[in-house]
Every structure is written in C-alpha cells, then in structure tokens.
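Student: Handing you a structure now.
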Amino acid sequence: MSSTNTNTEEKKDDKILINKEEFDRIRNARGAEVCPYCLSTNFVKRGTRQNVGQVVQLYLCKNIGLPDGKGCGRTFSAQDIKGKHFPLHIIIEAMSYYNIGLNLIDTCNVIKQKFGVAPEPATLSDWINEYKSLCRYERLRPYAIKMFGPKETIEVTTMAHRQLYRFRYHKAKTILMLEEYKNRVHFPLKEYLDNVSSETPHQYFQDGERM
Ligand SMILES: [Zn+2]
C-alpha cells in the first residue's frame, strides 16, 4: 500500500547529513522486529528518513517467499510498526469483522483462523479507537448489532453471470440511512436491494448483449 512511498523516501535519504553520534543513536535504538506488511523477520537496515525533528531508521524487507511468488521488498520504519505488529490488511479485516457485530474476542479468533496470527483483543480495541475518525461506522455499529447478527448484517450472494460476481449489500446501513434521513425515495432502493439475492436470475446476462 505504501510501495509508492519507497522511491521518495530513498530520494530524501540521499540528502540527509547527520553526525556520527546521531547516526549511532539511531542505529542502536530499539529497532524493528518484523516487516509490518508481511510479518517477515528477513529485513535489512536501509538508510534513514528525516521526519520533523528526528531521523528515522528505515528497513528494507527482503522476504521473497510471499504466496504470490513475488517478494515483499517494502521499506518501513520501526515507527510504522509501533503498536501495530500487523500488516494493514489484517488491521482492516479485523476492524471489518468487529464492525459486522463480532465482539473483540471473537474477532481476534476469526483473524487467527484466517491468517494464523491475530492481535490481542486490547490491541484491536486500540485500533478501533485510533481509526474511528476515519471509520465512521463506529457511530452506527451499536444500532446495527441490535438489528442483525454478524452473519446477517451483510447479505452476500454469488451470481453466475458471465463471470462469477459477488453481490454484497449492507442491510443494517441501508435501514439506518432510511431512519436517519427519512427520505422515502430510498425505500424502493431498499426493496430492490432486498430482492437482488432472491430474484435476480443467474442466467440473465448469459445470452445476448447487455442493454
Ligand atoms: Zn515484508
């Protein structure tokens, strides 16, 4: 996700001039333990970055064993990891499971099953707090979990159109939107979405051109 930053970080790196004392202080500071993107411990020190008021040790991930056959190759700092020994996609997945109504402990169990690693419930709670200004569903979740269980909050249907298409529809958000805005124009929309799973024929797009 931040691979586009790598080049600029390395460019900035060229311009930084620091004295040896400062350099040693950074080198000897408590460093990174895992790559925050892939959790690999196979990384090397690679330059520094000047942040406001401080110089930050950068690391380059040397993990070449990712499932897609590619290497990770990303640059990160120990600060990127502080309090988050997890790659961003796990943080996002964990917050998503929590949002559909699982509690903190159950969410961590699901993440553990899915990825083999999981945060402590307290860490997940910290993430939710940290990102709630970005993830505004935090405001709706208390109401949503009274309406639907974790498995019913989002309706998922896979349709066999020319290619498999996964239709997903957030039932709780739709109802809350209708309640909040009292906009009757939206009611037919809800009806339409409710009917997609049960009434859309799978063969619909198989023959002829789509109109
Ligand atoms: Zn990595």
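Each chain in the structure tokens gets a letter, A, B and so on, in the order shown; residues start at 1 in every chain, and ligands are counted from 1 in the order they appear.
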Using only C-alpha atoms and all ligand atoms, which residues of the polymer chains come no farther than 12 Å from ligand 1? I'd like the answer as a ChimeraX atom specification.

Tutor: /A:1-3,32-44,59-66,70-77,81,85-88

Student: Excluding segment 113-115 of chain A and any residue of its chain fewer than 2 positions from it, enumerate the residues within 12 Å of it, using only C-alpha atoms, and give them as number ranges by chain.

Tutor: A: 38-39, 86-87, 89-91, 93-94, 97, 106-111, 117-119

Student: Among the residues of segment 73-175 of chain A, find those DSSP assigns to strand (DSSP E or B) from the backbone and print them as a PDB file with N, CA and C atoms, in the first residue's frame.

Tutor:
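Dumped everything to out_31.pdb:
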ATOM      1  N   THR A  75       9.768  -0.798   2.097  1.00  0.00           N
ATOM      2  CA  THR A  75      10.559  -0.039   3.060  1.00  0.00           C
ATOM      3  C   THR A  75       9.654   0.362   4.227  1.00  0.00           C
ATOM      4  N   PHE A  76      10.177   0.258   5.422  1.00  0.00           N
ATOM      5  CA  PHE A  76       9.374   0.642   6.582  1.00  0.00           C
ATOM      6  C   PHE A  76      10.285   1.123   7.687  1.00  0.00           C
ATOM      7  N   SER A  77       9.709   1.718   8.706  1.00  0.00           N
ATOM      8  CA  SER A  77      10.481   2.137   9.873  1.00  0.00           C
ATOM      9  C   SER A  77       9.892   1.469  11.108  1.00  0.00           C
ATOM     10  N   ILE A 154     -24.420  -8.211   6.500  1.00  0.00           N
ATOM     11  CA  ILE A 154     -24.153  -8.007   5.073  1.00  0.00           C
ATOM     12  C   ILE A 154     -24.657  -9.219   4.313  1.00  0.00           C
ATOM     13  N   GLU A 155     -25.536  -8.979   3.362  1.00  0.00           N
ATOM     14  CA  GLU A 155     -26.031 -10.083   2.551  1.00  0.00           C
ATOM     15  C   GLU A 155     -25.044 -10.329   1.411  1.00  0.00           C
ATOM     16  N   VAL A 156     -24.671 -11.570   1.255  1.00  0.00           N
ATOM     17  CA  VAL A 156     -23.698 -11.904   0.209  1.00  0.00           C
ATOM     18  C   VAL A 156     -24.302 -12.958  -0.709  1.00  0.00           C
ATOM     19  N   THR A 157     -24.290 -12.698  -1.996  1.00  0.00           N
ATOM     20  CA  THR A 157     -24.756 -13.684  -2.966  1.00  0.00           C
ATOM     21  C   THR A 157     -23.754 -13.741  -4.106  1.00  0.00           C
ATOM     22  N   THR A 158     -23.411 -14.929  -4.504  1.00  0.00           N
ATOM     23  CA  THR A 158     -22.546 -15.049  -5.676  1.00  0.00           C
ATOM     24  C   THR A 158     -23.401 -15.402  -6.875  1.00  0.00           C
ATOM     25  N   MET A 159     -23.305 -14.583  -7.913  1.00  0.00           N
ATOM     26  CA  MET A 159     -24.136 -14.786  -9.093  1.00  0.00           C
ATOM     27  C   MET A 159     -23.290 -15.327 -10.229  1.00  0.00           C
ATOM     28  N   ALA A 160     -23.868 -16.306 -10.907  1.00  0.00           N
ATOM     29  CA  ALA A 160     -23.141 -16.899 -12.026  1.00  0.00           C
ATOM     30  C   ALA A 160     -23.514 -16.181 -13.311  1.00  0.00           C
ATOM     31  N   LEU A 164     -18.255 -15.056 -12.334  1.00  0.00           N
ATOM     32  CA  LEU A 164     -18.863 -15.052 -11.012  1.00  0.00           C
ATOM     33  C   LEU A 164     -18.799 -13.637 -10.456  1.00  0.00           C
ATOM     34  N   TYR A 165     -19.899 -13.216  -9.935  1.00  0.00           N
ATOM     35  CA  TYR A 165     -19.993 -11.856  -9.436  1.00  0.00           C
ATOM     36  C   TYR A 165     -20.513 -11.903  -8.011  1.00  0.00           C
ATOM     37  N   ARG A 166     -19.811 -11.291  -7.117  1.00  0.00           N
ATOM     38  CA  ARG A 166     -20.239 -11.323  -5.723  1.00  0.00           C
ATOM     39  C   ARG A 166     -20.988 -10.044  -5.380  1.00  0.00           C
ATOM     40  N   PHE A 167     -22.247 -10.217  -5.114  1.00  0.00           N
ATOM     41  CA  PHE A 167     -23.087  -9.099  -4.710  1.00  0.00           C
ATOM     42  C   PHE A 167     -23.074  -9.005  -3.190  1.00  0.00           C
ATOM     43  N   ARG A 168     -22.778  -7.824  -2.661  1.00  0.00           N
ATOM     44  CA  ARG A 168     -22.790  -7.646  -1.215  1.00  0.00           C
ATOM     45  C   ARG A 168     -23.594  -6.396  -0.866  1.00  0.00           C
ATOM     46  N   TYR A 169     -24.407  -6.541   0.121  1.00  0.00           N
ATOM     47  CA  TYR A 169     -25.356  -5.486   0.442  1.00  0.00           C
ATOM     48  C   TYR A 169     -25.428  -5.341   1.961  1.00  0.00           C
ATOM     49  N   HIS A 170     -25.114  -4.171   2.458  1.00  0.00           N
ATOM     50  CA  HIS A 170     -25.083  -3.918   3.895  1.00  0.00           C
ATOM     51  C   HIS A 170     -26.495  -3.565   4.359  1.00  0.00           C
TER      52      HIS A 170
END

Student: Record the distance separating atom CA of Gly149 of chain A and atom CA of Asn103 of chain A, expressed in Å with one decimal.

Tutor: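 Answer for the atom CA of Gly149 of chain A to atom CA of Asn103 of chain A separation: 11.1 Å.
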